[in-house]
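Notes for the one structure printed next.
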Amino acid sequence: MTSGNVVQRGGGTVRGYGSSLARGNEPVNLGDLLERVLDKGLVIAGDIQVNLLDIELLTIKLRLVIASLETAREVGINWWEHDPWLSGNAQQQHLMEENRQLRRRVEALEAGDESRG
Amino acid sequence: MRPWKPVMRAVAEDMGLWAYAVINASTPMRSVAGIAGGMVGTVVAGDLAAVASPVDLADYGEDALRRNLEHLPWLEAAARAHHGVIAEAATAGAVVPLRLATVYRTEAGLAGMLVRNRADFHLAFDRIQGRSEWGVKAYAATATVTSRPASQATTELRSERGSGAQYLSQRKARLAASEQARKVAVASARDVHAMLSSVSVATDLHQPQDPQLSGRRDRMIMNGTYLVDDQASSEFTAAVRDAAVGSPALQLELTGPWPPYSFAAVAAEG
């Protein structure tokens, strides 16, 4: 495997790959890609609707198939699921994002009021 | 470069449009092959443009899509094609990636979506303009997790024959050492995340990946993603190297720059 930039100094190691803009060298890791195109990216409703519930099922199924979480549980390496910091507190992230947007809208509305009054 | 804006309104009845991303209408988009080889073009509405390519609804209609998405090789091909187009668009300007499998029946439907969500897209552009996403994964270095080589353990097992209690207590000690190593690695990963956050505009934590998915035997303990100003990208990669040097309990893996997938989400509606 030809890693793009392997840096090794002292005890630390950085392994880099998958430069997705300067394409060519090494293909992007499928897991890294799926967690972005399935879980991230802007969700807007298309004309062709794949039921969101189905997508949830798909994602769960995918995780079972390729991430094999069942196996992970059996051998007891699922401890991160109970660590809110490591599991990424999605609910909190969502609220923070909503908060940011509401603040911007309030600012925009207030700016509008000032220009009228 | 002259902006390339093909006409796609002549979408046949059995064809739809697969949408990849939204870009500024002024951003030049090179024509490349997208999903199923369809040539990519743009649908423009005001100052926004959707990057899309025609797809056959026999394969990309509602039922077919649901069926196909369950098929891993199909999904992988779609994901790579989707990403390929978005990465191409990102070389020319700011891009708001759309989630996989966003399909429209008509060009008018796609243009209408741009108009309805214009304010939200502008919010997204404000956030990601001139910035890229970088991924940093931290693995617990194997040596700190496995407390001793297997051969040594085997020798011990042999000598411990007949002493179950002794064996159990040693096994307990090994587990405690491994748990301690994990705690050290987690604390270290937390420091790395804090340090990288200080040179980022925004951060997000993805679920750590299973060894089968990451392709590595080491235990992944952090799967962070960082939105970084393009002008600060060398500062960021230098920070990752510094973090690696300062964290002997960890192995760090850097990916990117990615289009800003993890930072595109705004509350948009159809």
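Chain labels A, B, ... are given in the sequence in which chains occur in the structure tokens; within each chain residues are numbered consecutively from 1, and ligands are likewise numbered from 1 in the order shown.
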(request) Taking the chain letters and numbering used in this document, name the residues of region 14-183 of chain B that DSSP puts in strand (DSSP E), as a ChimeraX atom specification. (result) /B:15-24,41-45,48-56,95-104,131-140
(request) Considering only C-alpha atoms, extract the chain B residues located within 7 Å of chain A and return them as an MDAnalysis selection string. (result) chainID B and resid 61:62 66 70 79 87 91 97:100 102:105 205:207 209:210 212:214 222 241 244:248 250:258 261:262 264:266 268:270
(request) Write out as a VMD selection string which residues come within 7 Å of Pro260 (chain B) when counting only C-alpha atoms, dropping same-chain ones fewer than 5 positions away. (result) chain B and resid 128 132 to 133
Write the residues of the selection above to a file with N, CA and C atoms, as a PDB file, in the first residue's frame.
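For reference, selection38.pdb as written:
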ATOM      1  N   ILE B 128     -18.798  27.094   4.436  1.00  0.00           N
ATOM      2  CA  ILE B 128     -17.776  26.215   3.853  1.00  0.00           C
ATOM      3  C   ILE B 128     -16.902  26.878   2.784  1.00  0.00           C
ATOM      4  N   SER B 132     -12.008  23.313   3.658  1.00  0.00           N
ATOM      5  CA  SER B 132     -12.104  21.888   3.331  1.00  0.00           C
ATOM      6  C   SER B 132     -12.202  21.074   4.609  1.00  0.00           C
ATOM      7  N   GLU B 133     -12.652  19.830   4.410  1.00  0.00           N
ATOM      8  CA  GLU B 133     -12.775  18.916   5.547  1.00  0.00           C
ATOM      9  C   GLU B 133     -11.557  17.997   5.591  1.00  0.00           C
TER      10      GLU B 133
END
(message) Under the rule that only C-alpha atoms are counted, which of B:Gln129, B:Ser163, B:Gln180, B:Gln170 is the nearest residue to Val228 (chain B)?
(response) B:Gln129
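CA of Met15 (chain B) is found 5.2 Å from CA of Leu57 (chain B).
Counting from CA of Ala202 (chain B), the distance to CA of Glu76 (chain B) is 28.1 Å.
Closest approach to Lys183 (chain B) among B:Leu69, B:Met195, B:Ile221, B:Ala111 is made by B:Ile221 (distances from only C-alpha atoms).
Atom pair CA of Val96 (chain B) / CA of Val22 (chain B) has a distance of 5.1 Å (rounded to one decimal).
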Quick one: DSSP helix (DSSP H, G or I) residues in region 70-195 of chain B, as a compact mmCIF listing (two decimals) with N, CA and C atoms, in the first residue's frame?
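Final file, part-v8.txt:
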# COMPACT_ATOMS: atom_id res chain seq x y z
N LEU B 72 -24.34 -4.17 -1.76
CA LEU B 72 -23.11 -3.44 -1.43
C LEU B 72 -22.25 -3.03 -2.62
N PRO B 73 -22.00 -3.93 -3.58
CA PRO B 73 -21.17 -3.49 -4.72
C PRO B 73 -21.83 -2.33 -5.50
N TRP B 74 -23.16 -2.38 -5.62
CA TRP B 74 -23.88 -1.30 -6.29
C TRP B 74 -23.72 0.00 -5.50
N LEU B 75 -23.89 -0.12 -4.20
CA LEU B 75 -23.77 1.05 -3.33
C LEU B 75 -22.36 1.64 -3.42
N GLU B 76 -21.36 0.76 -3.42
CA GLU B 76 -19.99 1.25 -3.49
C GLU B 76 -19.75 2.02 -4.79
N ALA B 77 -20.21 1.45 -5.90
CA ALA B 77 -20.03 2.12 -7.19
C ALA B 77 -20.73 3.48 -7.19
N ALA B 78 -21.95 3.50 -6.65
CA ALA B 78 -22.71 4.75 -6.60
C ALA B 78 -22.00 5.77 -5.71
N ALA B 79 -21.52 5.30 -4.55
CA ALA B 79 -20.85 6.21 -3.61
C ALA B 79 -19.59 6.79 -4.24
N ARG B 80 -18.83 5.95 -4.94
CA ARG B 80 -17.58 6.43 -5.55
C ARG B 80 -17.87 7.40 -6.69
N ALA B 81 -18.91 7.10 -7.49
CA ALA B 81 -19.26 8.01 -8.59
C ALA B 81 -19.76 9.34 -8.04
N HIS B 82 -20.61 9.26 -7.01
CA HIS B 82 -21.15 10.46 -6.36
C HIS B 82 -20.00 11.33 -5.84
N HIS B 83 -19.08 10.69 -5.13
CA HIS B 83 -17.94 11.40 -4.56
C HIS B 83 -17.03 11.96 -5.65
N GLY B 84 -16.83 11.18 -6.71
CA GLY B 84 -15.95 11.62 -7.79
C GLY B 84 -16.40 12.94 -8.39
N VAL B 85 -17.71 13.06 -8.61
CA VAL B 85 -18.25 14.29 -9.20
C VAL B 85 -18.13 15.45 -8.21
N ILE B 86 -18.43 15.18 -6.94
CA ILE B 86 -18.36 16.24 -5.93
C ILE B 86 -16.91 16.71 -5.76
N ALA B 87 -15.97 15.76 -5.76
CA ALA B 87 -14.55 16.13 -5.63
C ALA B 87 -14.11 16.96 -6.83
N GLU B 88 -14.61 16.58 -8.02
CA GLU B 88 -14.29 17.35 -9.22
C GLU B 88 -14.83 18.78 -9.11
N ALA B 89 -16.07 18.91 -8.66
CA ALA B 89 -16.67 20.24 -8.50
C ALA B 89 -15.88 21.06 -7.48
N ALA B 90 -15.37 20.37 -6.45
CA ALA B 90 -14.66 21.08 -5.38
C ALA B 90 -13.33 21.64 -5.84
N GLU B 107 -35.91 18.67 -14.72
CA GLU B 107 -35.01 19.78 -14.49
C GLU B 107 -35.73 20.87 -13.69
N ALA B 108 -37.03 21.06 -13.99
CA ALA B 108 -37.81 22.08 -13.28
C ALA B 108 -37.92 21.76 -11.79
N GLY B 109 -38.06 20.46 -11.47
CA GLY B 109 -38.14 20.03 -10.08
C GLY B 109 -36.86 20.36 -9.33
N LEU B 110 -35.74 20.14 -10.00
CA LEU B 110 -34.43 20.40 -9.40
C LEU B 110 -34.22 21.91 -9.21
N ALA B 111 -34.60 22.68 -10.24
CA ALA B 111 -34.47 24.15 -10.16
C ALA B 111 -35.35 24.70 -9.04
N GLY B 112 -36.55 24.13 -8.91
CA GLY B 112 -37.47 24.57 -7.87
C GLY B 112 -36.89 24.35 -6.48
N MET B 113 -36.21 23.23 -6.31
CA MET B 113 -35.57 22.94 -5.03
C MET B 113 -34.53 24.01 -4.71
N LEU B 114 -33.77 24.43 -5.72
CA LEU B 114 -32.75 25.47 -5.51
C LEU B 114 -33.39 26.77 -5.04
N VAL B 115 -34.50 27.11 -5.69
CA VAL B 115 -35.19 28.37 -5.36
C VAL B 115 -35.74 28.31 -3.93
N ARG B 116 -36.41 27.21 -3.59
CA ARG B 116 -37.03 27.09 -2.27
C ARG B 116 -36.01 27.13 -1.14
N ARG B 118 -32.93 28.50 -1.22
CA ARG B 118 -31.84 29.43 -1.53
C ARG B 118 -31.16 29.96 -0.25
N ALA B 119 -31.96 30.41 0.71
CA ALA B 119 -31.40 31.01 1.93
C ALA B 119 -30.53 30.00 2.68
N ASP B 120 -31.00 28.76 2.73
CA ASP B 120 -30.24 27.74 3.45
C ASP B 120 -28.93 27.41 2.74
N PHE B 121 -28.99 27.38 1.41
CA PHE B 121 -27.75 27.12 0.68
C PHE B 121 -26.74 28.24 0.92
N HIS B 122 -27.24 29.46 0.98
CA HIS B 122 -26.31 30.56 1.23
C HIS B 122 -25.69 30.47 2.62
N LEU B 123 -26.48 30.03 3.59
CA LEU B 123 -25.92 29.81 4.93
C LEU B 123 -24.81 28.77 4.86
N ALA B 124 -25.07 27.70 4.09
CA ALA B 124 -24.07 26.63 3.96
C ALA B 124 -22.81 27.17 3.28
N PHE B 125 -22.99 27.96 2.22
CA PHE B 125 -21.82 28.51 1.52
C PHE B 125 -21.01 29.41 2.45
N ASP B 126 -21.70 30.22 3.25
CA ASP B 126 -20.98 31.09 4.19
C ASP B 126 -20.06 30.26 5.08
N ARG B 127 -20.55 29.09 5.43
CA ARG B 127 -19.79 28.26 6.36
C ARG B 127 -18.61 27.57 5.67
N ILE B 128 -18.80 27.09 4.44
CA ILE B 128 -17.78 26.22 3.85
C ILE B 128 -16.90 26.88 2.78
N THR B 142 -0.94 -0.62 19.04
CA THR B 142 -1.13 -2.02 19.46
C THR B 142 -0.33 -2.37 20.71
N ALA B 143 0.90 -1.88 20.76
CA ALA B 143 1.80 -2.23 21.87
C ALA B 143 1.22 -1.81 23.22
N THR B 144 0.45 -0.73 23.23
CA THR B 144 -0.07 -0.27 24.51
C THR B 144 -1.32 -1.03 24.92
N VAL B 145 -1.93 -1.76 23.98
CA VAL B 145 -3.14 -2.50 24.31
C VAL B 145 -2.84 -3.96 24.65
N ALA B 150 2.30 -13.02 22.47
CA ALA B 150 1.54 -14.25 22.60
C ALA B 150 2.41 -15.41 23.08
N SER B 151 3.64 -15.49 22.58
CA SER B 151 4.51 -16.61 22.93
C SER B 151 4.74 -16.63 24.45
N GLN B 152 4.92 -15.44 25.00
CA GLN B 152 5.14 -15.34 26.44
C GLN B 152 3.91 -15.82 27.20
N ALA B 153 2.75 -15.41 26.70
CA ALA B 153 1.50 -15.79 27.34
C ALA B 153 1.34 -17.31 27.33
N THR B 154 1.70 -17.93 26.19
CA THR B 154 1.59 -19.38 26.07
C THR B 154 2.48 -20.06 27.12
N THR B 155 3.72 -19.57 27.24
CA THR B 155 4.65 -20.13 28.22
C THR B 155 4.04 -20.06 29.62
N GLU B 156 3.47 -18.90 29.91
CA GLU B 156 2.87 -18.72 31.23
C GLU B 156 1.74 -19.69 31.45
N LEU B 157 0.92 -19.85 30.40
CA LEU B 157 -0.21 -20.76 30.51
C LEU B 157 0.26 -22.14 30.89
N ARG B 158 1.33 -22.57 30.20
CA ARG B 158 1.85 -23.91 30.44
C ARG B 158 2.31 -24.04 31.90
N SER B 159 3.05 -23.05 32.37
CA SER B 159 3.59 -23.14 33.73
C SER B 159 2.50 -22.98 34.78
N GLY B 164 -5.39 -22.80 38.67
CA GLY B 164 -6.45 -22.00 38.05
C GLY B 164 -6.58 -20.63 38.66
N ALA B 165 -6.48 -20.57 39.97
CA ALA B 165 -6.65 -19.29 40.65
C ALA B 165 -5.55 -18.31 40.23
N GLN B 166 -4.34 -18.84 40.14
CA GLN B 166 -3.23 -17.99 39.76
C GLN B 166 -3.41 -17.48 38.32
N TYR B 167 -3.84 -18.40 37.47
CA TYR B 167 -4.08 -18.02 36.08
C TYR B 167 -5.12 -16.91 35.99
N LEU B 168 -6.22 -17.10 36.73
CA LEU B 168 -7.30 -16.11 36.69
C LEU B 168 -6.84 -14.76 37.20
N SER B 169 -6.05 -14.76 38.25
CA SER B 169 -5.62 -13.48 38.81
C SER B 169 -4.67 -12.78 37.84
N GLN B 170 -3.85 -13.57 37.13
CA GLN B 170 -2.95 -12.96 36.15
C GLN B 170 -3.74 -12.42 34.97
N ARG B 171 -4.76 -13.18 34.60
CA ARG B 171 -5.59 -12.72 33.49
C ARG B 171 -6.31 -11.43 33.85
N LYS B 172 -6.75 -11.36 35.10
CA LYS B 172 -7.42 -10.18 35.60
C LYS B 172 -6.45 -8.98 35.55
N ALA B 173 -5.21 -9.23 35.95
CA ALA B 173 -4.21 -8.16 35.94
C ALA B 173 -3.96 -7.67 34.51
N ARG B 174 -3.94 -8.64 33.58
CA ARG B 174 -3.72 -8.25 32.18
C ARG B 174 -4.87 -7.39 31.67
N LEU B 175 -6.09 -7.79 32.03
CA LEU B 175 -7.26 -7.02 31.60
C LEU B 175 -7.22 -5.61 32.19
N ALA B 176 -6.81 -5.52 33.46
CA ALA B 176 -6.73 -4.21 34.11
C ALA B 176 -5.68 -3.35 33.41
N ALA B 177 -4.54 -3.96 33.03
CA ALA B 177 -3.50 -3.22 32.33
C ALA B 177 -4.01 -2.73 30.99
N SER B 178 -4.77 -3.59 30.32
CA SER B 178 -5.31 -3.23 29.02
C SER B 178 -6.33 -2.09 29.15
N GLU B 179 -7.14 -2.16 30.21
CA GLU B 179 -8.12 -1.12 30.47
C GLU B 179 -7.41 0.20 30.78
N GLN B 180 -6.33 0.12 31.51
CA GLN B 180 -5.54 1.31 31.84
C GLN B 180 -4.96 1.92 30.56
N ALA B 181 -4.45 1.05 29.68
CA ALA B 181 -3.88 1.52 28.42
C ALA B 181 -4.95 2.22 27.59
N ARG B 182 -6.16 1.66 27.63
CA ARG B 182 -7.25 2.25 26.87
C ARG B 182 -7.57 3.64 27.40
N LYS B 183 -7.58 3.77 28.72
CA LYS B 183 -7.88 5.08 29.32
C LYS B 183 -6.83 6.11 28.92
N VAL B 184 -5.57 5.69 28.93
CA VAL B 184 -4.49 6.60 28.54
C VAL B 184 -4.69 7.03 27.09
N ALA B 185 -5.02 6.07 26.23
CA ALA B 185 -5.21 6.37 24.81
C ALA B 185 -6.40 7.30 24.59
N VAL B 186 -7.49 7.05 25.32
CA VAL B 186 -8.68 7.91 25.18
C VAL B 186 -8.37 9.33 25.63
N ALA B 187 -7.67 9.46 26.77
CA ALA B 187 -7.31 10.79 27.26
C ALA B 187 -6.42 11.50 26.25
N SER B 188 -5.52 10.75 25.68
CA SER B 188 -4.61 11.31 24.69
C SER B 188 -5.37 11.76 23.44
N ALA B 189 -6.34 10.96 23.02
CA ALA B 189 -7.15 11.30 21.84
C ALA B 189 -7.96 12.57 22.10
N ARG B 190 -8.43 12.71 23.32
CA ARG B 190 -9.18 13.90 23.70
C ARG B 190 -8.30 15.14 23.55
N ASP B 191 -7.04 15.03 23.98
CA ASP B 191 -6.10 16.15 23.85
C ASP B 191 -5.85 16.48 22.38
N VAL B 192 -5.67 15.42 21.58
CA VAL B 192 -5.43 15.62 20.15
C VAL B 192 -6.61 16.35 19.52
N HIS B 193 -7.82 15.91 19.89
CA HIS B 193 -9.02 16.54 19.33
C HIS B 193 -9.09 18.03 19.72
N ALA B 194 -8.77 18.33 20.97
CA ALA B 194 -8.79 19.72 21.43
C ALA B 194 -7.77 20.56 20.66
N MET B 195 -6.59 19.97 20.48
CA MET B 195 -5.52 20.68 19.79
C MET B 195 -5.90 20.96 18.33
